[in-house]
2 protein chains.
Amino acid sequence: MTSELQFIRGLKRRFPVRYPVQVGIGDDGAIVDCSQADQQTVVIDMQLDGVHFDLCTTPPQLVGRKAVAVNLSDLAAMGCWPTAAFVSLALPKSMKSPEAFLDRMYAGMEEFATRWNFCVAGGDTNTWNGPLAIDVCLTGIPMGKHPVLRNGAQPEDVLLVTGPLGGSLLKGRHLNFTPRLELANWLIRNYDIHAMIDISDGLALDLHRMMEASGTGADVLADAVPIHADVRSEDRDSSLLHALSDGEDFELLLALSHNDFDRLNSDEDRPQNFHQIGRVHQDRRCQLIDGNGNGTAMNVAGWQHELS
Amino acid sequence: MTSELQFIRGLKRRFPVRYPVQVGIGDDGAIVDCSQADQQTVVIDMQLDGVHFDLCTTPPQLVGRKAVAVNLSDLAAMGCWPTAAFVSLALPKSMKSPEAFLDRMYAGMEEFATRWNFCVAGGDTNTWNGPLAIDVCLTGIPMGKHPVLRNGAQPEDVLLVTGPLGGSLLKGRHLNFTPRLELANWLIRNYDIHAMIDISDGLALDLHRMMEASGTGADVLADAVPIHADVRSEDRDSSLLHALSDGEDFELLLALSHNDFDRLNSDEDRPQNFHQIGRVHQDRRCQLIDGNGNGTAMNVAGWQHELS
């Protein structure tokens, strides 16, 4: 039996306060020093048993890892480094050993906190008769001068993705992917990234979001969409559908000028290959262009949650 | 049927971006301008159906109201004004009309957003097979020069509470209380508040927290603890136990010097009466002193969640 006070003492030892956090776990709220940055970014994402992971088959460490990783991916898409994490938990009363679960779950979070120098600075731990729910909020500060939004794509921009897409849920990649923080930082420090978003709900839907926010449209070359080896389909059409709509890829989609794209292509220091998937245009429709140059309207397949 | 994109458009209309929020709902994260404050406070609190409210008997508006109010109470205790709210939701798939629920729930949040000039700047809405869970995170900035912590109580300080305690859960006060933001602001602008905490888990436990953080102890005068009219008990001992341990009062407990307390007492501009309940001392024990001057160790009754 662990009391709340003992549990909090353990968490404070595990996640010692790190700058810019000045006051972490243990008061009514946390205090973050923001004298070094004019802007703070806040991201939040809730992970639910039976929806985003299956507690019967997912080790607690991967549950904790994913709950933080999806938020780090959002911060990467905003062009921000993490500064502090806040973790709210609803633990099922039926859980046999909540202490062991929490210990392993926080170990999964600690991996990232150590790697990217942030701490768990607050949270709220509850027990109830429902399934496991984890809500994680992260604060961050810009890697460059400002955060990068999704609304800055311009006609004639080149669209890139940072890796192959599809099959993430099928093969469990959604539980152990690496958020693209270093890659976002390298891009931002060297190029003028007009717009960026992370591909969490499938390329089709997330591209649609970027184009809607930017007031633009896009042509995507069907043959240029990189398909992940996790996609098992035999034929190209079916594989492409997975790449466009499976979701939980957590790669970045970005828009930059032709000039910057040419510089990037010939940059010998680039940390990896980027995949040019298409271009932005004024016309607000998103089209998929086949090998013969024929376009069809892109279906907003992706993972659009229905509320009823 | 409301799609996620339509739902987000509705939320953006309902909670237009307000300074210091620069980018609200609709990107991968929100951006908060922090050029006007050197410190930001972050609070988070999860409210669960069957634990903190009962969806069968609680109107959605009060559910939304409480989910934000408990966080505003934490901000008041930190001596901070709210700047932005982030709302994560797990909605039961069995909910008959989620749109109607959300509309009313957000109306309960809107009441506070309008009153204290902040906006809902982000969140995450999900459906699942579990009960309703709402996690709210608020950011804030100091009312005075710095936030007020719970660790600054000093020997000889006077301990005050801002209102009568007990019976909150029994009579539903926990659903419609007013967070003490204006009161905290008035106190901070006029006096040197050494330590402050909101009484969410009962005076006994929250006083213990303040004393532990401050490295001090306290004598509480049993006859001086203000008992709320919501407490129904006939005898004083039983009533006192309710006042000490029921929790969810959301009044403030604060420590200030004798000099400041004397000034406060004779301050004709003070917005209400404060209740002096005892004093701080070096000895780290917390004692309850009866009418004959006899002390007994204070039981940390309160609402200390057990993890198993």
# chains A, B, ... in the order shown; residues from 1 in each chain; ligands from 1
>>> select_by_dssp(residues="range 196-307 of chain A", states="strand (DSSP E)", output="VMD selection string")
chain A and resid 196 to 198 217 to 221 252 to 256 275 to 281 286 to 289 295 to 297
>>> write_last_selection(atoms="N, CA and C atoms", output="PDB file, in the first residue's frame")
ATOM      1  N   MET A 196       4.403  23.032 -40.989  1.00  0.00           N
ATOM      2  CA  MET A 196       4.767  21.675 -40.559  1.00  0.00           C
ATOM      3  C   MET A 196       3.633  21.099 -39.700  1.00  0.00           C
ATOM      4  N   ILE A 197       3.451  19.778 -39.803  1.00  0.00           N
ATOM      5  CA  ILE A 197       2.428  19.068 -39.025  1.00  0.00           C
ATOM      6  C   ILE A 197       2.960  17.653 -38.837  1.00  0.00           C
ATOM      7  N   ASP A 198       2.575  16.982 -37.752  1.00  0.00           N
ATOM      8  CA  ASP A 198       2.994  15.577 -37.649  1.00  0.00           C
ATOM      9  C   ASP A 198       1.871  14.691 -38.176  1.00  0.00           C
ATOM     10  N   GLY A 217      -4.193  24.306 -51.727  1.00  0.00           N
ATOM     11  CA  GLY A 217      -4.448  22.904 -52.046  1.00  0.00           C
ATOM     12  C   GLY A 217      -3.139  22.233 -52.402  1.00  0.00           C
ATOM     13  N   ALA A 218      -3.206  20.965 -52.794  1.00  0.00           N
ATOM     14  CA  ALA A 218      -1.962  20.251 -53.095  1.00  0.00           C
ATOM     15  C   ALA A 218      -2.191  19.172 -54.134  1.00  0.00           C
ATOM     16  N   ASP A 219      -1.147  18.927 -54.941  1.00  0.00           N
ATOM     17  CA  ASP A 219      -1.078  17.739 -55.790  1.00  0.00           C
ATOM     18  C   ASP A 219      -0.091  16.776 -55.141  1.00  0.00           C
ATOM     19  N   VAL A 220      -0.544  15.557 -54.893  1.00  0.00           N
ATOM     20  CA  VAL A 220       0.340  14.539 -54.331  1.00  0.00           C
ATOM     21  C   VAL A 220       0.564  13.488 -55.415  1.00  0.00           C
ATOM     22  N   LEU A 221       1.819  13.167 -55.681  1.00  0.00           N
ATOM     23  CA  LEU A 221       2.146  12.164 -56.694  1.00  0.00           C
ATOM     24  C   LEU A 221       2.040  10.781 -56.063  1.00  0.00           C
ATOM     25  N   LEU A 252       6.964  13.761 -39.991  1.00  0.00           N
ATOM     26  CA  LEU A 252       6.581  15.151 -40.211  1.00  0.00           C
ATOM     27  C   LEU A 252       6.251  15.381 -41.679  1.00  0.00           C
ATOM     28  N   LEU A 253       5.230  16.185 -41.915  1.00  0.00           N
ATOM     29  CA  LEU A 253       4.905  16.685 -43.249  1.00  0.00           C
ATOM     30  C   LEU A 253       5.254  18.168 -43.241  1.00  0.00           C
ATOM     31  N   LEU A 254       6.028  18.622 -44.237  1.00  0.00           N
ATOM     32  CA  LEU A 254       6.414  20.031 -44.230  1.00  0.00           C
ATOM     33  C   LEU A 254       6.392  20.634 -45.619  1.00  0.00           C
ATOM     34  N   ALA A 255       6.255  21.950 -45.637  1.00  0.00           N
ATOM     35  CA  ALA A 255       6.240  22.706 -46.887  1.00  0.00           C
ATOM     36  C   ALA A 255       7.382  23.711 -46.862  1.00  0.00           C
ATOM     37  N   LEU A 256       8.156  23.747 -47.954  1.00  0.00           N
ATOM     38  CA  LEU A 256       9.215  24.753 -48.057  1.00  0.00           C
ATOM     39  C   LEU A 256       9.373  25.165 -49.521  1.00  0.00           C
ATOM     40  N   HIS A 275      11.420  12.700 -48.431  1.00  0.00           N
ATOM     41  CA  HIS A 275      10.607  12.224 -49.545  1.00  0.00           C
ATOM     42  C   HIS A 275       9.743  13.367 -50.054  1.00  0.00           C
ATOM     43  N   GLN A 276      10.019  13.781 -51.280  1.00  0.00           N
ATOM     44  CA  GLN A 276       9.216  14.825 -51.917  1.00  0.00           C
ATOM     45  C   GLN A 276       7.941  14.156 -52.434  1.00  0.00           C
ATOM     46  N   ILE A 277       6.784  14.544 -51.883  1.00  0.00           N
ATOM     47  CA  ILE A 277       5.556  13.845 -52.277  1.00  0.00           C
ATOM     48  C   ILE A 277       4.656  14.680 -53.182  1.00  0.00           C
ATOM     49  N   GLY A 278       4.943  15.962 -53.329  1.00  0.00           N
ATOM     50  CA  GLY A 278       4.069  16.762 -54.184  1.00  0.00           C
ATOM     51  C   GLY A 278       4.323  18.239 -54.012  1.00  0.00           C
ATOM     52  N   ARG A 279       3.352  19.031 -54.448  1.00  0.00           N
ATOM     53  CA  ARG A 279       3.533  20.474 -54.356  1.00  0.00           C
ATOM     54  C   ARG A 279       2.218  21.164 -54.005  1.00  0.00           C
ATOM     55  N   VAL A 280       2.363  22.373 -53.492  1.00  0.00           N
ATOM     56  CA  VAL A 280       1.226  23.196 -53.057  1.00  0.00           C
ATOM     57  C   VAL A 280       0.770  24.047 -54.232  1.00  0.00           C
ATOM     58  N   HIS A 281      -0.558  24.278 -54.347  1.00  0.00           N
ATOM     59  CA  HIS A 281      -1.041  25.235 -55.354  1.00  0.00           C
ATOM     60  C   HIS A 281      -2.190  26.061 -54.773  1.00  0.00           C
ATOM     61  N   CYS A 286      -7.283  19.107 -52.835  1.00  0.00           N
ATOM     62  CA  CYS A 286      -6.147  18.186 -52.732  1.00  0.00           C
ATOM     63  C   CYS A 286      -6.381  17.033 -53.707  1.00  0.00           C
ATOM     64  N   GLN A 287      -5.396  16.792 -54.577  1.00  0.00           N
ATOM     65  CA  GLN A 287      -5.530  15.758 -55.599  1.00  0.00           C
ATOM     66  C   GLN A 287      -4.411  14.744 -55.518  1.00  0.00           C
ATOM     67  N   LEU A 288      -4.741  13.512 -55.882  1.00  0.00           N
ATOM     68  CA  LEU A 288      -3.741  12.460 -56.007  1.00  0.00           C
ATOM     69  C   LEU A 288      -3.497  12.284 -57.509  1.00  0.00           C
ATOM     70  N   ILE A 289      -2.243  12.394 -57.935  1.00  0.00           N
ATOM     71  CA  ILE A 289      -1.904  12.327 -59.365  1.00  0.00           C
ATOM     72  C   ILE A 289      -1.265  10.964 -59.666  1.00  0.00           C
ATOM     73  N   GLY A 295      -5.493  13.189 -62.302  1.00  0.00           N
ATOM     74  CA  GLY A 295      -5.749  13.510 -60.893  1.00  0.00           C
ATOM     75  C   GLY A 295      -7.111  13.043 -60.419  1.00  0.00           C
ATOM     76  N   THR A 296      -7.163  12.549 -59.172  1.00  0.00           N
ATOM     77  CA  THR A 296      -8.458  12.261 -58.542  1.00  0.00           C
ATOM     78  C   THR A 296      -8.461  12.945 -57.177  1.00  0.00           C
ATOM     79  N   ALA A 297      -9.668  13.417 -56.772  1.00  0.00           N
ATOM     80  CA  ALA A 297      -9.780  14.099 -55.478  1.00  0.00           C
ATOM     81  C   ALA A 297      -9.322  13.162 -54.361  1.00  0.00           C
TER      82      ALA A 297
END
>>> residues_around(residues="range 60-73 of chain A", least_positions_apart="5", cutoff="7 Å", atoms="only C-alpha atoms", output="compact mmCIF listing (two decimals) with C-alpha atoms, in the first residue's frame")
# COMPACT_ATOMS: atom_id res chain seq x y z
CA VAL A 43 0.43 20.39 -26.32
CA ILE A 44 -1.90 17.82 -24.77
CA ASP A 45 -2.93 14.29 -25.73
CA GLN A 47 -4.27 7.94 -24.42
CA PHE A 101 2.55 -0.54 -13.19
CA ARG A 104 7.33 0.78 -15.29
CA MET A 105 5.06 3.34 -16.95
CA TYR A 106 7.14 6.23 -15.58
CA ALA A 107 10.30 4.39 -16.69
CA GLY A 108 8.97 4.66 -20.25
CA MET A 109 8.52 8.41 -19.78
CA ILE A 134 -3.49 8.80 -19.33
CA VAL A 136 -0.14 14.10 -20.85
CA LEU A 138 3.85 19.14 -22.38
CA LEU A 175 4.28 2.18 -29.55
CA ASN A 176 8.01 2.63 -30.10
CA PRO A 179 9.60 11.67 -32.23
CA ARG A 180 11.39 13.74 -34.89
CA ASP A 198 2.99 15.58 -37.65
CA PHE A 250 4.43 10.31 -36.40
>>> select_by_dssp(residues="range 27-175 of chain A", states="helix (DSSP H, G or I)", output="count of residues only")
44
>>> interface_residues(of="chain B", to="chain A", cutoff="7 Å", atoms="only C-alpha atoms", output="count of residues only")
43
>>> atom_distance(atom1="CA of Thr162 in chain B", atom2="CA of Pro226 in chain B")
9.5 Å
>>> residues_around(residues="Met143 in chain A", least_positions_apart="4", cutoff="7 Å", atoms="only C-alpha atoms", output="PyMOL selection string")
chain A and resi 79-81+185
>>> residues_around(residues="Ser239 in chain A", least_positions_apart="4", cutoff="12 Å", atoms="only C-alpha atoms", output="list of chain:residue names")
A:Pro164, A:Leu165, A:Gly166, A:Gly167, A:Ala222, A:Asp223, A:Val225, A:Pro226, A:Ile227, A:His228, A:Ala229, A:Asp230, A:Val231, A:Arg232, A:Ser233, A:Glu234, A:Asp235, A:Ala243, A:Leu244, A:Ser245, A:Asp246
